[in-house]
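Colleague: Before I ask anything, here is the structure I am working with.
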2 protein chains.
Amino acid sequence: MEIACFIEAADRHCQQQGVKLTALRRQVLELVLGYPGVVKAYQVLADLQKQRGIAAPPTVYRALDFLVAAGLLHKVDALNGYIVCHHVGCNHEGLILVCGDCGRVEELDATPVLDVLRQQAGGAGFAISQQNLMLTGRCKECAV
Amino acid sequence: MEIACFIEAADRHCQQQGVKLTALRRQVLELVLGYPGVVKAYQVLADLQKQRGIAAPPTVYRALDFLVAAGLLHKVDALNGYIVCHHVGCNHEGLILVCGDCGRVEELDATPVLDVLRQQAGGAGFAISQQNLMLTGRCKECAV
DNA sequence: TTCTCAAATGTTACTTTATAACAAGCAACT
DNA sequence: AGTTGCTTGTTATAAAGTAACATTTGAGAA
Ligand SMILES: [Zn+2]
Ligand SMILES: [Zn+2]
Ligand SMILES: [Zn+2]
Ligand SMILES: [Zn+2]
C-alpha cells in the first residue's frame, strides 16, 4: 500500500534527522495522506476525534507543525491547509501547484524558475533562501 | 507629503478603472499607508475605531478587499496581512520579498517570472491564477 | 423635483483558524 | 528511584474572516 510505504520512508527520514515520528504524529500523517490534496487542520482534528474519541486543536497543530518542520508536509498559506510532500529526501526546491477548486496538488522542480528569481531579487539586494514556491490555480479537471 | 501624493494617484487610478475610492476606502488606505510594512486587518480596524468611534470587521474587510481588487494593496497570505502596492498602475503581479531578519518588505514586478511559471505549470495542466509571489530571504542591510 | 435602484456601509451574530498557559505523562539516563 | 527534557492532554481564549440582513446614499430616470 502506498500510504504504508510513505510512512516507512518518513520514519527513516525522521531517524536520519534525529527527530521522532511518534504514534500521534504518524497517525496525523496517515490522516493527511488519506486525502488526495489539501487538508485543513480542523478536518484532521475531526478525523482524529473519530479515531480516538477526543482531541483538541493544539494536538493537531503541534503534530502538523512537526511534520512541516520535518519536511514531510508543506503548509499552503493561501488556503490555510497542508499537503504531503512527495519529494521527501530529494532535497530540491519544489514548485507546488494547488488547485483552488478541488485541492488537487502537483509538485514540480522549482530550480529553473528560482534561478530567475534569485537573479532578480539579487538585483534588489535580496538573497533568497532555500524554499518552495506555492502557487494556486486551477487544474485540468477543474478547468472552466 | 508622500501619503497625500499616493492617495492622489490612487484616486486617479480608481477613476480610470471606473470604481469609486470612497471616503471610507480612502481612510483605510491612509491607515495602511501609515505603516512601514505589513499591516493586519484588525490593526486597521483598531485604528479605524480610534478615528470614528465604532467600526466592525466587515467594514474593514470590505474596504481592504476593494483596495486589493483595485490593485492598491496586496494581500500577504503567509502573514495574514496587507501591504501597499508601490507599483500602482503597472497592473502587475507582485514579487514580494520579506526579510526574515528585520521584516523589511520589498516589492518587485513578478510578471517575467510568472510568465515562466505559467508555462511550466501549463505543461502540467495547471492554469495559474492572478497572484503574488511571496518569498523570504535576507535584505541588503541584514546581509551576513 | 421626486422616485427608484444599485452600490456602499452599518450591524449583529457567527464560523473558522490558531495559540497561550499550565498539567500530566513518558522515556532515557544517573 | 530520581531527574530531566520532550511529548501530549486540557482548558480557555485570541485572531482572522464571513453570512445575512438593515440602512444609507447618491446618480440617473421619470
Ligand atoms: Zn515537497
Ligand atoms: Zn482541480
Ligand atoms: Zn504591486
Ligand atoms: Zn533585513
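In the C-alpha cells, chains take letters A, B, ... by order of appearance, with residues numbered from 1 within each chain and ligands from 1 in the order shown.
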Taking only C-alpha atoms (C1' of nucleotides) into account, what are the residues of chain D at most 9 Å from chain B, put as a PyMOL selection string?

Modeller: chain D and resi 15-18

Colleague: Once chain B is best-fit onto chain A by all Cα atoms in order, what RMSD in Å is left?

Modeller: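 The RMSD between chain B and chain A over C-alpha atoms is 1.8 Å.
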
Colleague: Using only C-alpha atoms (C1' of nucleotides) and all ligand atoms, which residues have at least one atom no more than 9 Å from ligand 2? Output them as a PyMOL selection string.

Modeller: (chain A and resi 98-105+137-143) or (chain B and resi 126)

Colleague: CA of Glu106 in chain B and CA of Pro112 in chain A, how far apart in Å?

Modeller: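 Computed distance, CA of Pro112 in chain A to CA of Glu106 in chain B, equals 22.2 Å.
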
Colleague: Any chance you could list, as a VMD selection string, the residues in chain B that come up helix (DSSP H, G or I) when DSSP is run on the backbone?

Modeller: chain B and resid 2 to 17 23 to 33 41 to 52 57 to 69 77 to 79 111 to 123 140 to 142

Colleague: With only C-alpha atoms (C1' of nucleotides) as the counted atoms, please give the residues lying no more than 9 Å from Ala55 in chain A, apart from itself and same-chain residues fewer than 5 positions off, as a PyMOL selection string.

Modeller: (chain A and resi 45-46+48-49+60) or (chain D and resi 9)

Colleague: With N, CA, C and O atoms (P, O5', C5', C4', C3', O3' and C1' of nucleotides) retained, export the selected residues as a PDB file, in the first residue's frame.

Modeller:
```pdb
ATOM      1  N   LEU A  45      -8.396  17.261  12.626  1.00  0.00           N
ATOM      2  CA  LEU A  45      -8.862  17.188  14.007  1.00  0.00           C
ATOM      3  C   LEU A  45     -10.128  16.341  14.112  1.00  0.00           C
ATOM      4  O   LEU A  45     -10.245  15.480  14.982  1.00  0.00           O
ATOM      5  N   ALA A  46     -11.052  16.587  13.198  1.00  0.00           N
ATOM      6  CA  ALA A  46     -12.306  15.827  13.212  1.00  0.00           C
ATOM      7  C   ALA A  46     -12.026  14.343  13.009  1.00  0.00           C
ATOM      8  O   ALA A  46     -12.618  13.490  13.682  1.00  0.00           O
ATOM      9  N   LEU A  48      -9.306  12.773  13.679  1.00  0.00           N
ATOM     10  CA  LEU A  48      -8.623  12.285  14.863  1.00  0.00           C
ATOM     11  C   LEU A  48      -9.639  11.996  15.978  1.00  0.00           C
ATOM     12  O   LEU A  48      -9.523  10.999  16.700  1.00  0.00           O
ATOM     13  N   GLN A  49     -10.615  12.860  16.075  1.00  0.00           N
ATOM     14  CA  GLN A  49     -11.647  12.674  17.096  1.00  0.00           C
ATOM     15  C   GLN A  49     -12.458  11.413  16.833  1.00  0.00           C
ATOM     16  O   GLN A  49     -12.862  10.723  17.760  1.00  0.00           O
ATOM     17  N   VAL A  60      -3.474  18.613  17.216  1.00  0.00           N
ATOM     18  CA  VAL A  60      -3.304  18.543  15.768  1.00  0.00           C
ATOM     19  C   VAL A  60      -2.292  19.566  15.270  1.00  0.00           C
ATOM     20  O   VAL A  60      -1.418  19.242  14.456  1.00  0.00           O
TER      21      VAL A  60
ATOM     22  P    DG D   9      -2.589  13.224  23.466  1.00  0.00           P
ATOM     23  O5'  DG D   9      -2.958  14.008  24.820  1.00  0.00           O
ATOM     24  C5'  DG D   9      -2.887  13.313  26.061  1.00  0.00           C
ATOM     25  C4'  DG D   9      -3.554  14.126  27.167  1.00  0.00           C
ATOM     26  C3'  DG D   9      -4.967  14.633  26.844  1.00  0.00           C
ATOM     27  O3'  DG D   9      -5.757  14.461  28.018  1.00  0.00           O
ATOM     28  C1'  DG D   9      -3.568  16.479  27.376  1.00  0.00           C
TER      29       DG D   9
END
```

Colleague: Please identify all protein, DNA and RNA residues within 6 Å of ligand 1, counting only C-alpha atoms (C1' of nucleotides) and all ligand atoms, and report them as a PyMOL selection string.

Modeller: chain A and resi 85-87+94

Colleague: Which distance in Å separates CA of Ile128 in chain B and CA of Leu33 in chain B, to one decimal?

Modeller: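 Atom-to-atom, CA of Ile128 in chain B and CA of Leu33 in chain B are spaced 29.5 Å apart.
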
Colleague: Using only C-alpha atoms (C1' of nucleotides), which chain B residues lie at most 10 Å away from chain C, written as a tab-separated table (two decimals) with N, CA, C and O atoms, in the first residue's frame?

Modeller:
```
chain	number	residue	atom	x	y	z
B	20	LYS	N	-15.03	53.56	-7.37
B	20	LYS	CA	-15.02	54.74	-6.50
B	20	LYS	C	-14.16	54.56	-5.25
B	20	LYS	O	-14.37	53.64	-4.47
B	22	THR	N	-14.13	55.73	-2.18
B	22	THR	CA	-15.00	56.48	-1.26
B	22	THR	C	-14.21	56.96	-0.04
B	22	THR	O	-13.05	56.60	0.15
B	24	LEU	N	-14.55	56.19	3.07
B	24	LEU	CA	-14.13	55.08	3.93
B	24	LEU	C	-12.92	54.35	3.36
B	24	LEU	O	-11.96	54.07	4.07
B	55	ALA	N	-16.60	50.68	14.57
B	55	ALA	CA	-16.44	50.02	13.29
B	55	ALA	C	-16.41	48.52	13.55
B	55	ALA	O	-15.92	48.06	14.58
B	56	ALA	N	-16.92	47.76	12.61
B	56	ALA	CA	-16.98	46.30	12.75
B	56	ALA	C	-16.10	45.67	11.68
B	56	ALA	O	-15.77	46.31	10.68
B	58	PRO	N	-16.50	43.63	9.15
B	58	PRO	CA	-16.83	43.67	7.72
B	58	PRO	C	-16.50	45.01	7.07
B	58	PRO	O	-16.16	45.07	5.89
B	59	THR	N	-16.61	46.07	7.83
B	59	THR	CA	-16.29	47.39	7.30
B	59	THR	C	-14.87	47.42	6.79
B	59	THR	O	-14.60	47.88	5.67
B	62	ARG	N	-14.19	44.73	3.86
B	62	ARG	CA	-14.72	45.14	2.57
B	62	ARG	C	-13.84	46.19	1.92
B	62	ARG	O	-13.56	46.14	0.71
```

Colleague: To one decimal place in Å, what is the distance between CA of Ala63 in chain B and CA of Lys75 in chain B?

Modeller: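 Atom-to-atom, CA of Ala63 in chain B to CA of Lys75 in chain B, that is 12.6 Å.
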
Colleague: Please return as a PyMOL selection string the residues found within 9 Å of ligand 3, counting only C-alpha atoms (C1' of nucleotides) and all ligand atoms.

Modeller: chain B and resi 71-74+83-96+107-110+132
